[in-house]
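**Student:** Dropping in model18.csv, which is CSV, C-alpha atoms:
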```csv
chain,number,residue,atom,x,y,z
A,892,MET,CA,83.2,120.8,114.0
A,893,ARG,CA,81.5,119.2,111.0
A,894,ARG,CA,78.6,121.7,111.3
A,895,ARG,CA,81.0,124.6,111.0
A,896,LEU,CA,82.1,123.5,107.5
A,897,PRO,CA,80.5,124.9,104.4
A,898,ALA,CA,77.7,122.5,103.4
A,899,LEU,CA,79.4,121.5,100.2
A,900,LEU,CA,82.5,120.2,102.1
A,901,ASN,CA,80.3,117.7,103.8
A,902,ASP,CA,79.7,116.2,100.4
A,903,ARG,CA,82.5,113.7,99.9
A,904,PRO,CA,82.8,113.9,96.0
A,905,PHE,CA,82.9,117.7,96.0
A,906,ARG,CA,85.3,117.7,98.9
A,907,ARG,CA,87.7,115.4,97.0
A,908,TYR,CA,87.4,117.5,93.9
A,909,TRP,CA,88.0,120.7,95.9
A,910,ALA,CA,91.0,119.2,97.7
A,911,GLY,CA,92.6,118.2,94.4
A,912,GLN,CA,92.1,121.6,93.0
A,913,SER,CA,93.5,123.3,96.1
A,914,VAL,CA,96.7,121.3,96.0
A,915,SER,CA,97.2,121.8,92.3
A,916,LEU,CA,96.6,125.6,92.6
A,917,LEU,CA,99.3,125.8,95.2
A,918,GLY,CA,101.8,124.2,92.9
A,919,ASP,CA,100.8,126.5,90.1
A,920,GLN,CA,101.6,129.5,92.2
A,921,ILE,CA,105.1,128.0,93.0
A,922,SER,CA,105.7,127.6,89.3
A,923,LEU,CA,104.4,131.1,88.6
A,924,ILE,CA,107.5,132.5,90.4
A,925,ALA,CA,109.9,129.6,89.9
A,926,ILE,CA,109.8,129.3,86.1
A,927,PRO,CA,110.5,133.0,85.4
A,928,LEU,CA,113.2,133.1,88.1
A,929,THR,CA,114.8,130.0,86.5
A,930,ALA,CA,114.9,131.9,83.2
A,931,VAL,CA,116.3,135.1,84.9
A,932,LEU,CA,118.7,133.7,87.5
A,933,VAL,CA,119.9,130.5,85.9
A,934,LEU,CA,119.7,131.1,82.2
A,935,HIS,CA,120.1,135.0,82.3
A,936,ALA,CA,117.1,135.7,80.1
A,937,ASP,CA,116.5,139.3,78.9
A,938,ALA,CA,113.2,141.1,78.2
A,939,ALA,CA,112.7,139.6,74.8
A,940,GLU,CA,113.5,136.0,76.0
A,941,MET,CA,111.1,136.5,79.0
A,942,SER,CA,108.4,137.6,76.5
A,943,ARG,CA,109.0,134.5,74.4
A,944,LEU,CA,108.8,132.2,77.5
A,945,ALA,CA,105.5,133.8,78.6
A,946,THR,CA,104.1,133.6,75.1
A,947,ALA,CA,105.0,129.9,74.8
A,948,GLY,CA,102.9,129.1,77.9
A,949,LEU,CA,100.0,131.2,76.8
A,950,LEU,CA,99.8,130.5,73.1
A,951,PRO,CA,97.9,127.1,73.5
A,952,ALA,CA,94.9,129.0,74.9
A,953,LEU,CA,94.7,130.9,71.6
A,954,LEU,CA,95.4,127.9,69.3
A,955,PHE,CA,93.6,125.1,71.0
A,956,SER,CA,90.8,126.3,73.2
A,957,LEU,CA,88.0,126.3,70.6
A,958,PRO,CA,88.8,122.8,69.2
A,959,ALA,CA,89.5,121.4,72.6
A,960,GLY,CA,86.1,122.6,73.9
A,961,ALA,CA,84.3,121.1,70.8
A,962,TRP,CA,86.1,117.8,71.4
A,963,ALA,CA,85.4,117.8,75.2
A,964,ASP,CA,81.7,118.3,74.7
A,965,THR,CA,81.6,115.0,72.8
A,966,ARG,CA,83.4,113.0,75.5
A,967,THR,CA,81.4,110.8,77.9
A,968,HIS,CA,84.1,111.0,80.7
A,969,ARG,CA,85.7,114.4,81.0
A,970,ARG,CA,87.1,113.4,84.3
A,971,ARG,CA,89.4,110.9,82.6
A,972,VAL,CA,90.7,113.6,80.3
A,973,MET,CA,91.5,115.7,83.3
A,974,ILE,CA,93.5,112.9,85.0
A,975,CYS,CA,95.5,112.3,81.8
A,976,ALA,CA,96.3,116.0,81.6
A,977,ASP,CA,97.5,116.1,85.2
A,978,LEU,CA,99.8,113.1,84.6
A,979,GLY,CA,101.2,114.6,81.5
A,980,ARG,CA,102.0,117.8,83.4
A,981,VAL,CA,103.8,115.8,86.1
A,982,VAL,CA,106.2,114.5,83.4
A,983,LEU,CA,106.7,117.9,81.7
A,984,VAL,CA,107.3,120.0,84.8
A,985,GLY,CA,109.5,117.3,86.4
A,986,SER,CA,111.8,117.3,83.4
A,987,VAL,CA,113.0,120.9,84.3
A,988,PRO,CA,114.7,120.0,87.6
A,989,LEU,CA,116.0,116.8,86.1
A,990,ALA,CA,117.7,118.7,83.2
A,991,TYR,CA,119.0,121.2,85.7
A,992,ALA,CA,120.6,118.4,87.8
A,993,LEU,CA,122.2,117.0,84.7
A,994,ASP,CA,123.5,120.5,83.7
A,995,ALA,CA,121.5,120.3,80.5
A,996,LEU,CA,118.7,122.9,81.1
A,997,THR,CA,118.2,125.4,78.2
A,998,LEU,CA,115.8,128.2,77.4
A,999,THR,CA,114.6,126.0,74.5
A,1000,GLN,CA,113.5,123.3,77.0
A,1001,LEU,CA,111.6,125.9,79.1
A,1002,TYR,CA,109.8,127.1,75.9
A,1003,VAL,CA,108.8,123.5,75.0
A,1004,VAL,CA,107.7,122.7,78.6
A,1005,ALA,CA,105.7,125.9,78.8
A,1006,PHE,CA,103.9,125.3,75.5
A,1007,ALA,CA,103.2,121.6,76.2
A,1008,THR,CA,102.0,122.3,79.7
A,1009,GLY,CA,99.8,125.1,78.5
A,1010,THR,CA,98.2,122.7,76.0
A,1011,LEU,CA,97.4,120.2,78.6
A,1012,THR,CA,96.0,122.9,80.9
A,1013,VAL,CA,93.6,123.9,78.1
A,1014,LEU,CA,92.3,120.3,77.9
A,1015,PHE,CA,92.0,120.2,81.7
A,1016,ASP,CA,90.2,123.5,82.0
A,1017,VAL,CA,87.6,123.0,79.3
A,1018,CYS,CA,86.5,119.8,81.1
A,1019,ASN,CA,86.8,121.2,84.6
A,1020,THR,CA,83.7,123.5,84.3
A,1021,THR,CA,81.5,120.5,83.4
A,1022,LEU,CA,82.8,118.6,86.4
A,1023,PHE,CA,82.2,121.5,88.7
A,1024,VAL,CA,78.5,121.8,87.6
A,1025,ALA,CA,78.1,118.0,87.8
A,1026,LEU,CA,79.3,118.1,91.5
A,1027,THR,CA,77.5,121.3,92.6
A,1028,PRO,CA,73.8,121.8,93.1
A,1029,ASP,CA,72.3,124.7,91.3
A,1030,ASP,CA,71.5,126.7,94.4
A,1031,ARG,CA,75.2,126.2,95.6
A,1032,PHE,CA,77.0,127.8,92.7
A,1033,ILE,CA,78.1,130.9,94.7
A,1034,GLU,CA,79.3,128.7,97.6
A,1035,GLY,CA,81.1,126.2,95.3
A,1036,SER,CA,82.8,129.0,93.4
A,1037,THR,CA,83.7,130.7,96.6
A,1038,LEU,CA,85.4,127.5,97.9
A,1039,VAL,CA,87.3,126.9,94.7
A,1040,HIS,CA,88.4,130.5,94.3
A,1041,GLY,CA,89.1,130.8,98.0
A,1042,SER,CA,91.6,128.0,97.5
A,1043,ARG,CA,93.0,130.0,94.6
A,1044,SER,CA,93.5,132.9,96.9
A,1045,MET,CA,95.0,130.8,99.7
A,1046,SER,CA,97.5,129.4,97.1
A,1047,SER,CA,98.3,132.9,96.0
A,1048,VAL,CA,99.1,133.7,99.7
A,1049,ALA,CA,101.3,130.7,100.3
A,1050,GLY,CA,102.6,129.8,96.8
A,1051,PRO,CA,104.8,132.8,96.0
A,1052,SER,CA,106.3,132.8,99.6
A,1053,ILE,CA,107.0,129.1,99.4
A,1054,GLY,CA,108.3,129.4,95.9
A,1055,GLY,CA,110.6,132.3,96.7
A,1056,ALA,CA,111.9,130.5,99.8
A,1057,LEU,CA,112.6,127.3,97.8
A,1058,VAL,CA,114.4,129.3,95.2
A,1059,GLN,CA,116.7,130.8,97.8
A,1060,LEU,CA,117.2,127.6,99.7
A,1061,LEU,CA,117.7,125.3,96.8
A,1062,ALA,CA,117.5,126.6,93.2
A,1063,ALA,CA,114.7,127.9,91.0
A,1064,PRO,CA,114.4,124.7,88.9
A,1065,LEU,CA,114.4,122.4,91.9
A,1066,ALA,CA,111.4,124.3,93.3
A,1067,LEU,CA,109.4,122.9,90.4
A,1068,VAL,CA,109.5,119.4,92.0
A,1069,ALA,CA,106.7,120.7,94.3
A,1070,ASP,CA,104.5,121.6,91.3
A,1071,ALA,CA,105.0,118.2,89.7
A,1072,LEU,CA,103.9,116.5,93.0
A,1073,THR,CA,100.8,118.7,93.2
A,1074,TYR,CA,99.7,117.6,89.7
A,1075,LEU,CA,100.1,114.0,90.8
A,1076,THR,CA,98.0,114.7,93.9
A,1077,SER,CA,95.3,116.3,91.8
A,1078,ALA,CA,95.1,113.2,89.6
A,1079,GLY,CA,94.8,111.0,92.7
A,1080,PHE,CA,91.8,113.0,94.0
A,1081,LEU,CA,90.1,113.1,90.6
A,1082,ALA,CA,90.5,109.3,90.4
A,1083,ARG,CA,88.3,109.0,93.5
A,1084,VAL,CA,85.5,111.1,92.2
A,1085,ALA,CA,82.7,109.6,90.0
A,1086,PRO,CA,80.0,112.2,89.3
A,1087,ALA,CA,77.1,111.7,86.9
A,1088,GLU,CA,78.5,113.8,84.0
A,1089,PRO,CA,76.0,115.2,81.5
A,1090,PRO,CA,75.6,113.2,78.3
A,1091,PRO,CA,78.0,114.0,75.4
A,1092,ALA,CA,76.8,116.4,72.7
A,1093,THR,CA,76.0,115.1,69.3
A,1094,ARG,CA,78.3,116.3,66.6
A,1095,THR,CA,76.3,118.3,64.0
A,1096,LYS,CA,77.0,120.9,61.4
A,1097,GLY,CA,78.6,124.0,63.0
A,1098,HIS,CA,79.6,122.0,66.1
A,1099,LEU,CA,83.0,123.6,66.3
A,1100,THR,CA,81.7,127.2,66.4
A,1101,ALA,CA,78.4,126.6,68.3
A,1102,GLY,CA,79.8,127.8,71.6
A,1103,LEU,CA,81.2,131.0,70.0
A,1104,ARG,CA,77.9,131.8,68.3
A,1105,TRP,CA,75.9,131.2,71.5
A,1106,MET,CA,78.3,133.5,73.4
A,1107,LEU,CA,78.0,136.3,70.8
A,1108,ARG,CA,74.2,136.1,71.0
A,1109,SER,CA,74.2,136.6,74.8
A,1110,GLU,CA,74.4,140.3,75.7
A,1111,VAL,CA,75.8,139.5,79.1
A,1112,LEU,CA,78.5,137.1,78.1
A,1113,ARG,CA,79.5,139.1,75.1
A,1114,ALA,CA,80.2,142.1,77.4
A,1115,THR,CA,82.0,140.1,80.1
A,1116,PHE,CA,84.1,138.2,77.6
A,1117,ALA,CA,85.2,141.5,75.9
A,1118,ALA,CA,86.0,143.0,79.3
A,1119,SER,CA,88.0,139.9,80.3
A,1120,ALA,CA,89.9,140.0,77.0
A,1121,THR,CA,90.9,143.6,77.7
A,1122,VAL,CA,92.0,142.7,81.2
A,1123,GLN,CA,93.9,139.7,80.0
A,1124,PHE,CA,95.8,141.5,77.3
A,1125,PHE,CA,97.0,144.3,79.5
A,1126,ASN,CA,97.5,142.2,82.7
A,1127,PHE,CA,99.8,139.8,80.8
A,1128,MET,CA,101.8,142.7,79.5
A,1129,PHE,CA,102.2,143.5,83.2
A,1130,HIS,CA,103.1,140.0,84.4
A,1131,THR,CA,105.5,139.2,81.6
A,1132,LEU,CA,107.9,142.0,82.8
A,1133,PHE,CA,107.0,142.2,86.4
A,1134,VAL,CA,109.6,139.7,87.8
A,1135,LEU,CA,112.3,141.2,85.6
A,1136,TYR,CA,111.3,144.8,86.7
A,1137,ALA,CA,111.1,143.9,90.4
A,1138,THR,CA,114.5,142.1,90.5
A,1139,THR,CA,116.5,144.4,88.2
A,1140,GLU,CA,115.1,147.9,88.5
A,1141,LEU,CA,113.7,147.7,92.0
A,1142,GLY,CA,116.5,145.4,93.2
A,1143,LEU,CA,114.3,143.0,95.2
A,1144,SER,CA,115.5,139.5,96.1
A,1145,ALA,CA,113.5,136.4,95.2
A,1146,GLY,CA,112.6,135.9,98.9
A,1147,ALA,CA,111.4,139.5,99.4
A,1148,LEU,CA,109.5,139.5,96.1
A,1149,GLY,CA,107.8,136.2,97.0
A,1150,ALA,CA,106.9,137.5,100.5
A,1151,ALA,CA,105.4,140.7,99.2
A,1152,LEU,CA,103.3,138.9,96.7
A,1153,GLY,CA,102.2,136.3,99.2
A,1154,VAL,CA,101.2,138.7,101.9
A,1155,GLY,CA,99.5,141.0,99.4
A,1156,ALA,CA,97.5,138.0,98.1
A,1157,VAL,CA,95.7,138.0,101.4
A,1158,GLY,CA,93.4,140.5,99.7
A,1159,GLY,CA,92.3,137.7,97.4
A,1160,LEU,CA,91.4,135.5,100.4
A,1161,ILE,CA,89.4,138.3,102.0
A,1162,GLY,CA,87.7,139.0,98.7
A,1163,ALA,CA,86.7,135.4,98.4
A,1164,MET,CA,85.3,135.4,101.9
A,1165,LEU,CA,83.3,138.5,101.4
A,1166,THR,CA,81.9,137.8,97.9
A,1167,GLY,CA,78.9,135.9,99.1
A,1168,ARG,CA,77.9,138.8,101.3
A,1169,ILE,CA,78.5,141.3,98.6
A,1170,VAL,CA,76.4,139.4,96.1
A,1171,SER,CA,73.6,139.1,98.8
A,1172,ARG,CA,73.8,142.9,99.4
A,1173,ILE,CA,74.1,144.3,95.9
A,1174,GLY,CA,73.5,141.4,93.5
A,1175,VAL,CA,75.7,139.2,91.4
A,1176,GLY,CA,75.9,141.7,88.4
A,1177,PRO,CA,76.9,144.7,90.4
A,1178,ALA,CA,79.4,142.5,92.4
A,1179,ALA,CA,81.0,141.6,89.1
A,1180,ILE,CA,81.3,145.3,88.1
A,1181,LEU,CA,82.9,146.0,91.5
A,1182,GLY,CA,85.4,143.2,90.9
A,1183,TYR,CA,86.2,144.5,87.4
A,1184,ALA,CA,87.0,147.9,88.8
A,1185,LEU,CA,89.0,146.7,91.8
A,1186,PHE,CA,91.1,144.1,89.9
A,1187,PRO,CA,93.2,146.4,87.6
A,1188,THR,CA,93.2,149.8,89.4
A,1189,PRO,CA,95.6,149.1,92.4
A,1190,LEU,CA,98.3,147.8,90.0
A,1191,LEU,CA,98.9,151.4,89.0
A,1192,LEU,CA,101.0,151.5,92.2
A,1193,VAL,CA,103.6,149.1,90.8
A,1194,PRO,CA,105.2,151.4,88.2
A,1195,LEU,CA,104.8,154.2,90.7
A,1196,ALA,CA,107.0,152.2,93.2
A,1197,ASP,CA,110.4,153.8,93.8
A,1198,GLY,CA,112.7,154.8,96.7
A,1199,PRO,CA,113.7,152.8,99.8
A,1200,THR,CA,113.1,149.1,99.8
A,1201,GLU,CA,110.5,149.3,102.6
A,1202,LEU,CA,108.4,151.8,100.6
A,1203,VAL,CA,108.7,149.7,97.4
A,1204,LEU,CA,107.6,146.6,99.2
A,1205,THR,CA,104.6,148.5,100.8
A,1206,LEU,CA,103.4,149.7,97.4
A,1207,LEU,CA,103.7,146.2,95.9
A,1208,PHE,CA,101.8,144.8,98.9
A,1209,LEU,CA,99.0,147.3,98.5
A,1210,ALA,CA,98.8,146.7,94.7
A,1211,GLU,CA,98.6,143.0,95.1
A,1212,PHE,CA,96.2,143.2,98.0
A,1213,GLY,CA,93.6,145.3,96.2
A,1214,SER,CA,94.0,143.5,92.8
A,1215,CYS,CA,93.7,140.1,94.3
A,1216,ALA,CA,90.5,141.1,96.2
A,1217,GLY,CA,89.0,142.4,93.0
A,1218,ALA,CA,90.0,139.3,91.0
A,1219,MET,CA,88.3,137.0,93.5
A,1220,ILE,CA,85.1,139.0,93.5
A,1221,VAL,CA,84.8,139.1,89.7
A,1222,ASP,CA,85.8,135.5,89.3
A,1223,ILE,CA,83.3,134.1,91.8
A,1224,ALA,CA,80.5,136.3,90.5
A,1225,LEU,CA,81.1,135.4,86.8
A,1226,ASN,CA,81.8,131.8,87.4
A,1227,SER,CA,78.5,131.4,89.2
A,1228,LEU,CA,76.6,133.4,86.5
A,1229,GLU,CA,78.2,131.3,83.7
A,1230,ALA,CA,77.4,128.1,85.5
A,1231,ALA,CA,73.8,129.1,85.7
A,1232,ILE,CA,73.2,130.4,82.2
A,1233,ILE,CA,75.3,128.2,79.9
A,1234,PRO,CA,73.6,125.0,78.7
A,1235,ASP,CA,75.3,121.7,79.6
A,1236,ALA,CA,75.5,120.6,76.0
A,1237,LEU,CA,77.5,123.7,75.1
A,1238,ARG,CA,79.4,124.2,78.3
A,1239,SER,CA,82.9,123.2,77.1
A,1240,ARG,CA,82.5,124.9,73.7
A,1241,VAL,CA,81.4,128.2,75.3
A,1242,LEU,CA,84.4,127.9,77.7
A,1243,GLY,CA,86.6,127.1,74.7
A,1244,ALA,CA,85.4,130.2,72.9
A,1245,PHE,CA,85.9,132.3,76.1
A,1246,ARG,CA,89.5,131.0,76.4
A,1247,THR,CA,90.1,131.7,72.7
A,1248,VAL,CA,88.8,135.3,72.9
A,1249,ALA,CA,90.0,136.2,76.5
A,1250,HIS,CA,92.9,133.9,77.3
A,1251,GLY,CA,94.1,134.2,73.7
A,1252,MET,CA,94.9,137.8,74.5
A,1253,ARG,CA,97.6,136.7,76.9
A,1254,PRO,CA,100.3,135.7,74.4
A,1255,LEU,CA,99.5,138.9,72.4
A,1256,GLY,CA,100.0,140.9,75.6
A,1257,ALA,CA,103.2,139.0,76.4
A,1258,LEU,CA,104.6,139.7,72.9
A,1259,THR,CA,103.6,143.4,73.1
A,1260,ALA,CA,105.4,143.6,76.5
A,1261,GLY,CA,108.6,142.3,75.0
A,1262,VAL,CA,108.4,144.8,72.1
A,1263,LEU,CA,107.5,147.8,74.3
A,1264,GLY,CA,109.9,146.7,77.1
A,1265,THR,CA,112.8,146.8,74.7
A,1266,ALA,CA,111.7,150.0,73.0
A,1267,ILE,CA,110.6,152.3,75.9
A,1268,GLY,CA,111.8,150.5,79.0
A,1269,LEU,CA,110.2,148.3,81.7
A,1270,ARG,CA,108.6,151.0,83.9
A,1271,ALA,CA,107.0,152.9,80.9
A,1272,THR,CA,105.6,149.6,79.6
A,1273,LEU,CA,104.1,148.8,83.0
A,1274,TRP,CA,102.4,152.2,83.0
A,1275,VAL,CA,100.8,151.3,79.6
A,1276,ALA,CA,99.8,147.9,80.9
A,1277,THR,CA,98.2,149.0,84.2
A,1278,SER,CA,96.4,152.0,82.7
A,1279,GLY,CA,95.0,150.0,79.8
A,1280,ALA,CA,93.5,147.3,82.0
A,1281,VAL,CA,91.1,149.8,83.6
A,1282,LEU,CA,89.5,150.2,80.2
A,1283,CYS,CA,87.7,146.9,80.7
A,1284,LEU,CA,84.9,148.8,82.5
A,1285,LEU,CA,83.9,150.4,79.2
A,1286,TRP,CA,82.5,147.0,78.0
A,1287,VAL,CA,80.4,146.0,81.1
A,1288,LEU,CA,79.0,149.3,82.3
A,1289,PRO,CA,76.6,149.8,79.4
A,1290,SER,CA,75.6,146.1,79.3
A,1291,PRO,CA,72.7,144.3,81.2
A,1292,LEU,CA,75.2,143.0,83.8
A,1293,PRO,CA,74.7,145.9,86.4
A,1294,ARG,CA,71.0,145.1,86.4
A,1295,ILE,CA,71.3,141.4,87.2
A,1296,ARG,CA,70.6,140.8,90.9
A,1297,ALA,CA,70.0,137.1,91.3
A,1298,LEU,CA,71.3,134.0,89.4
A,1299,PRO,CA,68.8,132.9,86.8
A,1300,THR,CA,67.3,129.4,87.2
A,1301,ARG,CA,69.0,126.8,84.9
```
Do you think you could lay out the structure here as structure tokens?
**Tutor:**
Amino acid sequence: MRRRLPALLNDRPFRRYWAGQSVSLLGDQISLIAIPLTAVLVLHADAAEMSRLATAGLLPALLFSLPAGAWADTRTHRRRVMICADLGRVVLVGSVPLAYALDALTLTQLYVVAFATGTLTVLFDVCNTTLFVALTPDDRFIEGSTLVHGSRSMSSVAGPSIGGALVQLLAAPLALVADALTYLTSAGFLARVAPAEPPPATRTKGHLTAGLRWMLRSEVLRATFAASATVQFFNFMFHTLFVLYATTELGLSAGALGAALGVGAVGGLIGAMLTGRIVSRIGVGPAAILGYALFPTPLLLVPLADGPTELVLTLLFLAEFGSCAGAMIVDIALNSLEAAIIPDALRSRVLGAFRTVAHGMRPLGALTAGVLGTAIGLRATLWVATSGAVLCLLWVLPSPLPRIRALPTR
């Protein structure tokens, strides 16, 4: 049985790291549906309030990613920072079901929890890439990325279904207890991992912006980050209004919505399983291009959805299936490429710059969704969002990315 496992899972430190990530990702998916449903079903949020809630959770990526990356590169123990971030998120997420039980939950609290949790997530993520490289041999980057993103896909399959079921059986805020427990579990696994982390960078003149400058000088990363920024902007226009659109205009229940998203996310699992073969067949760069094309295009089916419930659910399933498959292909290919070409001394700062440029588009997309959703309606806004995301291909097709076949040696 042991011989059937991927080789990296026979390595105890990586296995513990991967297990903690897997559990935490499952909780994130539960929150992804439980928090918006809490706002819609419990606090009766409208399109503008949903936009503000989404923006509160996404704004820290724009405000703090660059300084957080610069700070993390000077830390000797990034793993400890990640553990503290996990424990902080336990307290924040756990406060929502507690306030609900005391009949004291408000939209203001959801805004604060979303912003503070997003801030801790930024700290966790800028340290996480360094820990991944410290635990993964250079020739195993594709395998390691496949395992981590495979867990992300599996959580996307199970998380929305579990979250939707918990919302129907209990209440939307109470479903967040599961997410708080997953952060606690993640912290426990990280406490049992002790990798040899790269030495901290020395703070010199231009330390804060060094990662951004390095990124802009790289033709490949400059193109992929621009493409990712385009996808993030339009994709978060889409996701900000999707739950509201599905429950109000399409008339889907929380359970049906969660089931459709969960089953559709099987596409992500399949994409993760096939990425290694795709990279071997066509190369890591063309595989990333394929993922960039497949990620946004199927979502055009969502604003197209109309008619009987069975047809609507089928279209949502197909949209989610194709989009999740594309997301996994591009994530695994780019994660492996970035792990190979970014210097250790700049790793957190480059990721911080990436989150500022790409993830920073998320709150802008969420705010735009609120404005357009109010002005032209939910369905029309989703047409703008899904069509605009396809434009990401205009950045990567002329770049060197299509010509990269193998990962460069670090």
**Student:** Env of His1250 (chain A): 7 Å cut, atoms = all atoms listed in the file, seq-sep filter 3 positions within chain, self excluded. Answer as an NGL selection string.
**Tutor:** :A and (952-953 or 1120 or 1123 or 1246-1247 or 1253)
**Student:** Quick one: contact table of region 892-969 of chain A to region 1127-1145 of chain A, 8 Å max, nearest atom pair and distance in Å to one decimal per residue, counting all atoms listed in the file, chain and number order, as JSON lines?
**Tutor:**
```
{"residue": "A:Ile924", "atom": "CA", "partner": "A:Val1134", "partner_atom": "CA", "distance": 7.9}
{"residue": "A:Pro927", "atom": "CA", "partner": "A:Val1134", "partner_atom": "CA", "distance": 7.2}
{"residue": "A:Leu928", "atom": "CA", "partner": "A:Val1134", "partner_atom": "CA", "distance": 7.5}
{"residue": "A:Val931", "atom": "CA", "partner": "A:Leu1135", "partner_atom": "CA", "distance": 7.3}
{"residue": "A:Ala938", "atom": "CA", "partner": "A:Leu1132", "partner_atom": "CA", "distance": 7.1}
{"residue": "A:Met941", "atom": "CA", "partner": "A:Thr1131", "partner_atom": "CA", "distance": 6.7}
{"residue": "A:Ser942", "atom": "CA", "partner": "A:Thr1131", "partner_atom": "CA", "distance": 6.1}
{"residue": "A:Ala945", "atom": "CA", "partner": "A:Thr1131", "partner_atom": "CA", "distance": 6.2}
```
**Student:** I need the residue nearest Val982 (chain A) from this list: A:Asp994, A:Arg969, A:Val1068, A:Leu1060. Use all atoms listed in the file for the distance.
**Tutor:** A:Val1068
**Student:** In Å, rounded to a single decimal, give me how far CA of Pro897 (chain A) is from CA of Thr1027 (chain A).
**Tutor:**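 Between CA of Thr1027 (chain A) and CA of Pro897 (chain A) the gap works out to 12.7 Å.
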**Student:** Report as a ChimeraX atom specification all protein, DNA and RNA residues lying within 12 Å of region 1168-1171 of chain A, evaluated on only C-alpha atoms, omitting residues in the same chain fewer than 5 positions from it.
**Tutor:** /A:1033-1034,1037,1161-1163,1176-1182,1217,1219-1221,1223-1225,1227-1228,1293,1295-1298
**Student:** For Ala1231 (chain A), find every residue with an atom within 10 Å (counting all atoms listed in the file), except residues of its own chain fewer than 6 positions away, and show them as a PDB file with C-alpha atoms, in the frame of the given file.
**Tutor:**
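Final output, result_15.pdb:
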```pdb
ATOM      1  CA  VAL A1024      78.500 121.800  87.600  1.00  0.00           C
ATOM      2  CA  ASP A1029      72.300 124.700  91.300  1.00  0.00           C
ATOM      3  CA  ASP A1030      71.500 126.700  94.400  1.00  0.00           C
ATOM      4  CA  PHE A1032      77.000 127.800  92.700  1.00  0.00           C
ATOM      5  CA  LEU A1225      81.100 135.400  86.800  1.00  0.00           C
ATOM      6  CA  LEU A1298      71.300 134.000  89.400  1.00  0.00           C
ATOM      7  CA  PRO A1299      68.800 132.900  86.800  1.00  0.00           C
ATOM      8  CA  THR A1300      67.300 129.400  87.200  1.00  0.00           C
ATOM      9  CA  ARG A1301      69.000 126.800  84.900  1.00  0.00           C
TER      10      ARG A1301
END
```
**Student:** What is the CA of Thr1166 (chain A) to CA of Asn901 (chain A) distance in Å?
**Tutor:**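 Distance reported for this atom pair: 21.0 Å.
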**Student:** Taking (93.4, 120.2, 94.6) in the file's coordinates as the center, which residues reach within 6 Å of it, counting all atoms listed in the file, put as a list of chain:residue names?
**Tutor:**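 Within the cut-off we find A:Trp909, A:Ala910, A:Gly911, A:Gln912, A:Ser913, A:Val914, A:Ser915, A:Ser1077.
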**Student:** Pick out the closest residue to Pro958 (chain A) from this set: A:Gly1256, A:Gly1261, A:Gly1097, A:Gly1146. Count all atoms listed in the file.
**Tutor:**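 Among the listed residues, A:Gly1097 lies closest to Pro958 (chain A).
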